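A short write-up of the structure that comes next.
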Amino acid sequence: MHYLYAHQYDSAIEQFQKTLEMDPNYGLTHWYLGLTYEQKARYADGLAEFRRARELLRDNVTIEADMGHLYAVSGKKAEALKVIDDLKELQGEDSFRRITLD
């Protein structure tokens with residue numbers, strides 16, 4: 001995470017990949033790798049990592065929100081809006097605050 005926050009994305013990718021070699025089912029690493037790929041504008045790779053993280057870390061709405069952000073910055077407005085709609089639906093199931101677009 002240090003490399004990600006320090007904007008040293010290539011080093012972050014290298015470290016996350018080493019972690020996944022040790023444990024390919026470590027969901028947090030897939031999530032963080034997705035965030036790193038997003039910063040490098042490697043959107044397809046980022047989305048693949050977010051999807052894998054979502055499989056491993058079920059019921060994590062933050063991953064869904066991060067996927068929505070990736071869709072938005074990559075120009076996929078319809079997909080981003082779909083994520084927002086999905087998150088709004090969840091607010092009735094749990095104690096999420098209202099999500100609005102202003």
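Starting from 1 in every chain, residues are counted up; chains themselves are A, B, ... following the order of the structure tokens, and ligands are numbered from 1 as listed.
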
What are the closest atom pairs, with distances in Å to one decimal, for each residue of segment 17-87 of chain A lying within 10 Å of segment 4-13 of chain A, using only C-alpha atoms, rows by chain and rising residue number, as JSON lines?
{"residue": "A:Gln17", "atom": "CA", "partner": "A:Ile13", "partner_atom": "CA", "distance": 6.0}
{"residue": "A:Lys18", "atom": "CA", "partner": "A:Ile13", "partner_atom": "CA", "distance": 8.6}
{"residue": "A:Thr19", "atom": "CA", "partner": "A:Ile13", "partner_atom": "CA", "distance": 9.8}
{"residue": "A:Thr29", "atom": "CA", "partner": "A:Ile13", "partner_atom": "CA", "distance": 9.9}
{"residue": "A:Tyr32", "atom": "CA", "partner": "A:Leu4", "partner_atom": "CA", "distance": 8.2}
{"residue": "A:Leu33", "atom": "CA", "partner": "A:Ile13", "partner_atom": "CA", "distance": 6.3}
{"residue": "A:Gly34", "atom": "CA", "partner": "A:Ile13", "partner_atom": "CA", "distance": 9.4}
{"residue": "A:Leu35", "atom": "CA", "partner": "A:Leu4", "partner_atom": "CA", "distance": 8.3}
{"residue": "A:Thr36", "atom": "CA", "partner": "A:Tyr9", "partner_atom": "CA", "distance": 6.1}
{"residue": "A:Tyr37", "atom": "CA", "partner": "A:Ile13", "partner_atom": "CA", "distance": 7.8}
{"residue": "A:Glu38", "atom": "CA", "partner": "A:Tyr9", "partner_atom": "CA", "distance": 9.9}
{"residue": "A:Gln39", "atom": "CA", "partner": "A:Tyr9", "partner_atom": "CA", "distance": 7.6}
{"residue": "A:Lys40", "atom": "CA", "partner": "A:Tyr9", "partner_atom": "CA", "distance": 7.2}

Subject >> Non-local contacts of segment 80-85 of chain A (10 Å; only C-alpha atoms; under 2 positions in same chain excluded) as a PyMOL selection string >> reply: chain A and resi 64-78+87-90+99-101

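Taking atom CA of Ala53 of chain A and atom CA of Tyr26 of chain A as the two end points, the separation is 8.1 Å.
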
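Put simply, atom CA of Glu79 of chain A is 26.3 Å away from atom CA of Asn25 of chain A.
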